[in-house]
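Visitor: Got a structure here, written out as structure tokens. Questions coming.
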2 protein chains.
Amino acid sequence: MNQSISVSLTPSELSPECDLHQACSIIIDVLRATSVMATAGQSGVRRMITCENIHAAAQFADQAAIRPLLCGERHCKPIDGFDLGNSPAEYTPERVADRDLVLTTTNGTRAIHAAMRSRRLLAASFLNLDATLAAVRSEPHLQIVCAGTNGQISYEDVLLAGAIIDRLAPPDSDGSEPSGHIDDSARIAWSVWRQADGNTRPLQQSLRHSLGGRNLIEAGYEADLERCAQVGTIDGIVERAEPGKTVFEFRRLAVSK
Amino acid sequence: MNQSISVSLTPSELSPECDLHQACSIIIDVLRATSVMATAGQSGVRRMITCENIHAAAQFADQAAIRPLLCGERHCKPIDGFDLGNSPAEYTPERVADRDLVLTTTNGTRAIHAAMRSRRLLAASFLNLDATLAAVRSEPHLQIVCAGTNGQISYEDVLLAGAIIDRLAPPDSDGSEPSGHIDDSARIAWSVWRQADGNTRPLQQSLRHSLGGRNLIEAGYEADLERCAQVGTIDGIVERAEPGKTVFEFRRLAVSK
């Protein structure tokens with residue numbers, strides 16, 4: 001399989017010249033936007049619309065025929081007047097099934113907007129890693145975009161990028177390099193994952209020391225680290241429904257493990 | 001030791017707001033600017049002045065009382081009319097001893113200029129890794145700046161950043177994390193180094209697959225990979241001589257190994 005994989009460790013590495021039109025892009029914001037989207041999907045949400053700012057989200061909600069749930073965070077905290085924050089724990093079937101939701105978060109939705117011109121656009125988390133892999137395995141050009149935290153590189157996003165690469169481009173015979181066509185940032189992400197995966201330390205422990213993890217603990221959301229560190233517990237993908245719009249849908253995908 | 005270590009995987013991660021005034025910065029351009037500077041230093045060069053562009057370098061040379069050697073590259077190749085290119089092999093004692101040189105390279109000198117406001121400024125390579133470590137061990141705040149390649153992250157620079165961190169902040173008892181105060185990019189660099197160091201593959205093999213390595217091979221400088229992959233063969237540091245100027249000097253430093 002002649003798959004090429006590129007990684008942007010932050011959205012700003014995706015220069016405007018970067019040709020995404022043929023690419024399938026995977027957005028990663030482990031803590032917590034893309035973990036929320038997978039959870040909401042599993043809970044039966046209808047559509048997820050991402051907006052870059054609070055004003056646009058509220059305006060969209062006001063103009064919709066059936067009022068969607070307003071969701072998101074700023075500095076890890078829920079937004080005044082919004083229905084839901086950015087903790088996966090809030091996205092239960094009771095609250096979101098058959099509803100549309102509008103989501104605006106500090107980093108995740110920005111990363112989505114940076115990769116808008118991609119041919120396909122998925123949002124991935126550890127929760128739906130297996131389903132996401134199944135959905136992109138035959139894509140010739142994959143672009144992984146790590147959301148990061150306020151413009152800085154986030155360890156946890158790079159870790160998931162590396163896990164994806166490790167599964168799609170298994171190492172060569174001596175185990176020292178991933179196979180296939182990958183760029184330097186992808187190779188870096190792969191190394192980060194292999195180094196962490198070789199540890200005895202569970203994933204959620206690794207997340208505790210990351211920039212995103214520390215911010216969440218400080219804001220009182222420590223329990224979300226464990227929630228976002230479950231691997232492959234959700235059998236479905238989060239994918240943009242139509243080009244040019246930031247409307248995402250959840251699609252169940254049976255995964256052989 | 002309460003040392004904090006931050007890493008910028010490219011110079012552009014160093015935002016103008018980044019407070020470097022108290023920091024000791026280490027610039028890394030393994031392939032090849034900082035490897036050239038260490039080599040030139042060992043060969044007895046007097047001063048190394050870095051310039052961001054060809055015009056400034058030529059102008060500086062024209063105005064100097066004693067004409068310095070004009071050195072550098074664009075797209076890995078020597079610059080028309082310049083005395084030396086950017087291969088360490090050219091920087092022999094016969095050619096550079098007791099001379100000043102003016103150096104302009106695509107990535108390395110840009111990284112130096114981005115970190116100009118640092119309190120101390122060193123240029124490091126694998127060649128003088130041990131001496132550089134000895135010189136910065138008691139610095140409270142280290143900022144490592146990877147030069148990258150044309151704005152993109154270069155694996156080989158991140159690898160050396162990781163080696164520095166591994167030696168300054170040895171892992172905790174279970175070996176899964178470096179100790180001390182390091183940011184996410186530093187943790188990523190450390191992981192990359194640990195992953196590569198655990199391989200049986202020699203360092204120069206790792207460099208072959210990096211962005212900088214591939215560019216060099218394509219430009220006919222494959223032998224430079226081996227030259228730049230020697231670890232700790234030069235017992236001296238390359239450090240800015242005075243604040244506000246990009247004038248570097250080589251200082252011998254006895255290192256206990």
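Ligands are numbered from 1 in the order shown, chains are lettered A, B, ... in the order of the structure tokens, and residues start at 1 in each chain.
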Return the neighbours of chain A among the residues of chain B, cut-off 8 Å, counting only C-alpha atoms, as a list in words.
Guide: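 In the required form, that comes to Glu13, Gln152, Ile153, Ser154, Tyr155, Gly175, Ser176, Asp183, Asp184, Ser185, Arg187, Ile188, Ala189, Ser191, Val192, Arg194, Gln195, Ala196, Asn199, Thr200, Arg201, Ser210 and Leu211 of chain B.
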Visitor: Chain B superposed on chain A over all ordered C-alpha pairs, least squares: can you write that as a short mmCIF file (atom, residue, chain, number, x, y, z; two decimals) with C-alpha atoms, in the first residue's frame?
Guide:
data_model
loop_
_atom_site.label_atom_id
_atom_site.label_comp_id
_atom_site.auth_asym_id
_atom_site.auth_seq_id
_atom_site.Cartn_x
_atom_site.Cartn_y
_atom_site.Cartn_z
CA MET B 1 0.00 -0.02 0.00
CA ASN B 2 1.52 3.24 -1.17
CA GLN B 3 0.02 5.53 1.47
CA SER B 4 1.70 8.83 2.31
CA ILE B 5 1.19 10.28 5.78
CA SER B 6 1.96 13.85 6.83
CA VAL B 7 1.51 15.31 10.28
CA SER B 8 1.08 18.91 11.41
CA LEU B 9 1.98 19.12 15.07
CA THR B 10 -0.08 22.33 15.29
CA PRO B 11 -2.64 23.77 12.83
CA SER B 12 -0.24 26.61 11.95
CA GLU B 13 2.13 24.11 10.35
CA LEU B 14 -0.56 23.70 7.69
CA SER B 15 0.53 26.53 5.45
CA PRO B 16 -2.03 28.02 3.04
CA GLU B 17 0.10 26.56 0.23
CA CYS B 18 -0.32 23.05 1.58
CA ASP B 19 -2.31 21.15 -1.02
CA LEU B 20 -5.04 19.42 0.91
CA HIS B 21 -7.55 19.09 -1.91
CA GLN B 22 -6.70 15.45 -2.53
CA ALA B 23 -6.05 14.63 1.10
CA CYS B 24 -8.05 12.91 3.76
CA SER B 25 -7.40 14.92 6.93
CA ILE B 26 -7.74 13.67 10.47
CA ILE B 27 -8.16 16.27 13.18
CA ILE B 28 -6.96 15.35 16.67
CA ASP B 29 -7.86 17.14 19.88
CA VAL B 30 -7.65 14.36 22.45
CA LEU B 31 -8.34 16.70 25.37
CA ARG B 32 -11.19 17.10 24.58
CA ALA B 33 -13.02 18.29 21.45
CA THR B 34 -12.61 15.21 19.28
CA SER B 35 -13.21 12.90 22.26
CA VAL B 36 -16.44 14.82 22.87
CA MET B 37 -17.49 14.44 19.24
CA ALA B 38 -16.98 10.65 19.32
CA THR B 39 -18.87 10.39 22.61
CA ALA B 40 -21.74 12.57 21.37
CA GLY B 41 -21.88 10.46 18.21
CA GLN B 42 -22.15 7.26 20.16
CA SER B 43 -24.87 8.83 22.27
CA GLY B 44 -26.97 9.37 19.16
CA VAL B 45 -26.41 13.01 18.28
CA ARG B 46 -27.79 13.94 14.85
CA ARG B 47 -25.34 16.50 13.49
CA MET B 48 -22.38 18.35 15.01
CA ILE B 49 -21.66 21.80 13.62
CA THR B 50 -18.34 23.37 14.63
CA CYS B 51 -17.90 27.15 14.84
CA GLU B 52 -14.70 29.08 15.38
CA ASN B 53 -16.16 31.58 17.82
CA ILE B 54 -18.90 31.99 20.40
CA HIS B 55 -20.77 34.65 18.44
CA ALA B 56 -21.00 32.52 15.30
CA ALA B 57 -22.17 29.54 17.34
CA ALA B 58 -24.91 31.55 19.05
CA GLN B 59 -25.99 33.10 15.75
CA PHE B 60 -26.19 29.71 14.08
CA ALA B 61 -28.31 28.39 16.93
CA ASP B 62 -30.69 31.38 16.77
CA GLN B 63 -31.28 30.92 13.07
CA ALA B 64 -31.82 27.16 13.06
CA ALA B 65 -35.36 25.81 12.50
CA ILE B 66 -35.00 23.52 15.50
CA ARG B 67 -32.73 25.00 18.15
CA PRO B 68 -29.51 22.98 18.50
CA LEU B 69 -27.62 22.48 21.75
CA LEU B 70 -24.94 25.11 22.25
CA CYS B 71 -21.74 23.40 23.36
CA GLY B 72 -18.12 24.20 24.00
CA GLU B 73 -15.53 25.76 26.24
CA ARG B 74 -13.08 28.60 26.70
CA HIS B 75 -10.04 27.95 28.92
CA CYS B 76 -11.46 24.47 29.65
CA LYS B 77 -14.61 25.98 31.24
CA PRO B 78 -18.24 25.92 29.98
CA ILE B 79 -19.40 29.06 28.15
CA ASP B 80 -21.97 31.32 29.85
CA GLY B 81 -25.43 30.64 28.50
CA PHE B 82 -24.42 27.48 26.63
CA ASP B 83 -26.14 24.13 27.17
CA LEU B 84 -23.11 21.88 27.49
CA GLY B 85 -19.41 22.27 28.18
CA ASN B 86 -16.57 20.22 26.73
CA SER B 87 -16.49 17.17 29.00
CA PRO B 88 -17.38 13.82 27.39
CA ALA B 89 -19.25 13.01 30.60
CA GLU B 90 -21.94 15.54 29.67
CA TYR B 91 -22.73 13.95 26.32
CA THR B 92 -25.14 11.25 27.47
CA PRO B 93 -27.89 9.81 25.26
CA GLU B 94 -30.43 11.50 27.55
CA ARG B 95 -29.05 14.91 26.68
CA VAL B 96 -27.94 14.65 23.06
CA ALA B 97 -29.77 11.81 21.26
CA ASP B 98 -31.44 13.01 18.05
CA ARG B 99 -30.32 16.58 18.68
CA ASP B 100 -28.09 18.82 16.60
CA LEU B 101 -25.28 20.45 18.45
CA VAL B 102 -23.10 23.47 17.75
CA LEU B 103 -19.60 23.17 19.17
CA THR B 104 -16.95 25.82 19.67
CA THR B 105 -13.73 25.04 21.52
CA THR B 106 -10.40 26.81 21.93
CA ASN B 107 -8.25 24.50 19.85
CA GLY B 108 -10.23 21.69 18.23
CA THR B 109 -12.59 23.72 16.11
CA ARG B 110 -9.71 25.95 14.96
CA ALA B 111 -7.85 22.90 13.71
CA ILE B 112 -10.95 21.76 11.84
CA HIS B 113 -11.26 25.12 10.13
CA ALA B 114 -7.56 25.10 9.17
CA ALA B 115 -8.07 21.83 7.30
CA MET B 116 -11.41 22.73 5.71
CA ARG B 117 -10.16 22.43 2.14
CA SER B 118 -9.40 18.72 2.55
CA ARG B 119 -11.28 16.25 0.37
CA ARG B 120 -12.33 14.23 3.43
CA LEU B 121 -12.26 15.47 7.00
CA LEU B 122 -12.48 13.26 10.07
CA ALA B 123 -12.21 13.99 13.78
CA ALA B 124 -10.39 11.29 15.72
CA SER B 125 -9.79 10.42 19.35
CA PHE B 126 -8.34 7.43 21.18
CA LEU B 127 -11.97 6.43 21.82
CA ASN B 128 -12.67 5.74 18.16
CA LEU B 129 -9.14 4.92 17.02
CA ASP B 130 -9.96 1.50 15.53
CA ALA B 131 -12.95 2.72 13.57
CA THR B 132 -11.02 5.73 12.27
CA LEU B 133 -8.18 3.48 11.11
CA ALA B 134 -10.64 1.23 9.28
CA ALA B 135 -12.11 4.28 7.53
CA VAL B 136 -8.82 5.72 6.24
CA ARG B 137 -6.74 2.62 5.55
CA SER B 138 -7.05 2.90 1.76
CA GLU B 139 -6.58 6.66 1.50
CA PRO B 140 -3.51 7.50 -0.64
CA HIS B 141 -2.70 10.73 1.19
CA LEU B 142 -3.43 11.22 4.86
CA GLN B 143 -2.89 14.54 6.62
CA ILE B 144 -3.07 14.39 10.40
CA VAL B 145 -3.61 17.75 12.11
CA CYS B 146 -2.91 18.01 15.84
CA ALA B 147 -4.97 20.77 17.45
CA GLY B 148 -2.40 21.63 20.12
CA THR B 149 -3.14 24.03 22.97
CA ASN B 150 -3.28 27.77 22.31
CA GLY B 151 -0.86 27.49 19.40
CA GLN B 152 1.56 25.24 21.27
CA ILE B 153 2.23 21.59 20.54
CA SER B 154 0.32 19.22 22.85
CA TYR B 155 1.94 15.92 23.72
CA GLU B 156 -1.37 14.05 23.88
CA ASP B 157 -2.36 14.95 20.31
CA VAL B 158 1.05 13.94 18.98
CA LEU B 159 0.70 10.65 20.87
CA LEU B 160 -2.53 9.75 19.05
CA ALA B 161 -1.03 10.84 15.70
CA GLY B 162 1.79 8.40 16.42
CA ALA B 163 -0.61 5.60 17.32
CA ILE B 164 -2.39 6.06 13.98
CA ILE B 165 0.90 5.93 12.08
CA ASP B 166 2.06 2.89 14.02
CA ARG B 167 -1.04 1.01 12.99
CA LEU B 168 -1.10 2.17 9.35
CA ALA B 169 2.65 1.98 8.65
CA PRO B 170 4.02 -0.83 10.82
CA PRO B 171 7.77 -0.71 11.44
CA ASP B 172 10.27 -2.31 9.11
CA SER B 173 11.97 -5.59 9.97
CA ASP B 174 14.38 -4.24 12.62
CA GLY B 175 11.62 -2.16 14.22
CA SER B 176 13.54 1.10 14.05
CA GLU B 177 11.46 2.99 11.47
CA PRO B 178 7.86 3.04 10.36
CA SER B 179 7.40 1.82 6.80
CA GLY B 180 6.01 3.88 3.95
CA HIS B 181 6.07 7.51 2.92
CA ILE B 182 5.92 9.64 6.02
CA ASP B 183 7.27 13.10 6.71
CA ASP B 184 9.58 14.09 9.57
CA SER B 185 6.73 15.21 11.84
CA ALA B 186 5.00 11.86 11.27
CA ARG B 187 8.22 10.08 12.15
CA ILE B 188 8.48 12.18 15.29
CA ALA B 189 4.88 11.38 16.28
CA TRP B 190 5.52 7.67 15.66
CA SER B 191 8.59 7.79 17.93
CA VAL B 192 6.58 9.47 20.68
CA TRP B 193 3.92 6.78 20.53
CA ARG B 194 6.41 3.91 20.42
CA GLN B 195 8.32 5.33 23.37
CA ALA B 196 5.12 5.73 25.43
CA ASP B 197 3.69 2.39 24.31
CA GLY B 198 6.85 0.60 25.44
CA ASN B 199 6.24 1.89 28.97
CA THR B 200 4.36 0.08 31.67
CA ARG B 201 2.62 3.36 32.44
CA PRO B 202 -1.04 3.46 31.37
CA LEU B 203 -2.13 6.01 28.76
CA GLN B 204 -4.03 8.20 31.20
CA GLN B 205 -0.87 8.60 33.26
CA SER B 206 0.95 9.85 30.17
CA LEU B 207 -1.80 12.41 29.61
CA ARG B 208 -1.46 13.80 33.13
CA HIS B 209 1.87 15.43 32.33
CA SER B 210 0.88 16.92 28.98
CA LEU B 211 0.03 20.60 28.52
CA GLY B 212 -3.63 19.78 27.88
CA GLY B 213 -3.71 17.36 30.81
CA ARG B 214 -2.23 19.81 33.27
CA ASN B 215 -4.69 22.51 32.18
CA LEU B 216 -7.62 20.13 32.69
CA ILE B 217 -6.48 19.03 36.13
CA GLU B 218 -6.10 22.66 37.13
CA ALA B 219 -9.61 23.45 35.88
CA GLY B 220 -11.08 20.55 37.88
CA TYR B 221 -11.61 18.06 35.04
CA GLU B 222 -9.12 15.38 36.07
CA ALA B 223 -11.69 12.61 35.53
CA ASP B 224 -11.80 13.51 31.83
CA LEU B 225 -8.25 12.23 31.41
CA GLU B 226 -9.42 8.69 32.06
CA ARG B 227 -12.49 9.19 29.87
CA CYS B 228 -10.36 10.34 26.94
CA ALA B 229 -7.71 7.62 27.40
CA GLN B 230 -9.94 4.65 26.54
CA VAL B 231 -8.74 3.13 23.30
CA GLY B 232 -11.20 1.91 20.69
CA THR B 233 -14.26 1.81 22.91
CA ILE B 234 -16.43 3.57 20.32
CA ASP B 235 -17.11 1.75 17.06
CA GLY B 236 -17.81 4.65 14.79
CA ILE B 237 -16.23 7.57 12.95
CA VAL B 238 -16.85 11.30 13.05
CA GLU B 239 -16.73 12.68 9.52
CA ARG B 240 -17.67 15.87 7.77
CA ALA B 241 -21.01 15.36 6.05
CA GLU B 242 -20.42 17.58 3.03
CA PRO B 243 -17.50 19.56 1.58
CA GLY B 244 -17.29 23.24 2.44
CA LYS B 245 -19.36 22.96 5.61
CA THR B 246 -18.24 22.11 9.12
CA VAL B 247 -21.11 19.73 9.70
CA PHE B 248 -20.04 16.37 11.13
CA GLU B 249 -21.93 13.14 11.44
CA PHE B 250 -21.24 9.97 13.36
CA ARG B 251 -21.28 6.73 11.43
CA ARG B 252 -21.14 3.32 13.08
CA LEU B 253 -18.41 1.09 11.72
CA ALA B 254 -17.99 -2.52 12.73
CA VAL B 255 -14.33 -3.05 13.53
CA SER B 256 -12.57 -6.39 13.73
CA LYS B 257 -10.09 -6.24 16.60
#
Visitor: I need the residues of stretch 7-192 of chain B that end up classed as strand (DSSP E) by DSSP on the backbone, written out as JSON, numbers by chain.
Guide: {"B": [7, 8, 24, 25, 26, 27, 28, 47, 48, 49, 50, 69, 70, 71, 72, 73, 74, 77, 78, 100, 101, 102, 103, 104, 120, 121, 122, 123, 124, 141, 142, 143, 144, 145, 146, 181, 182]}
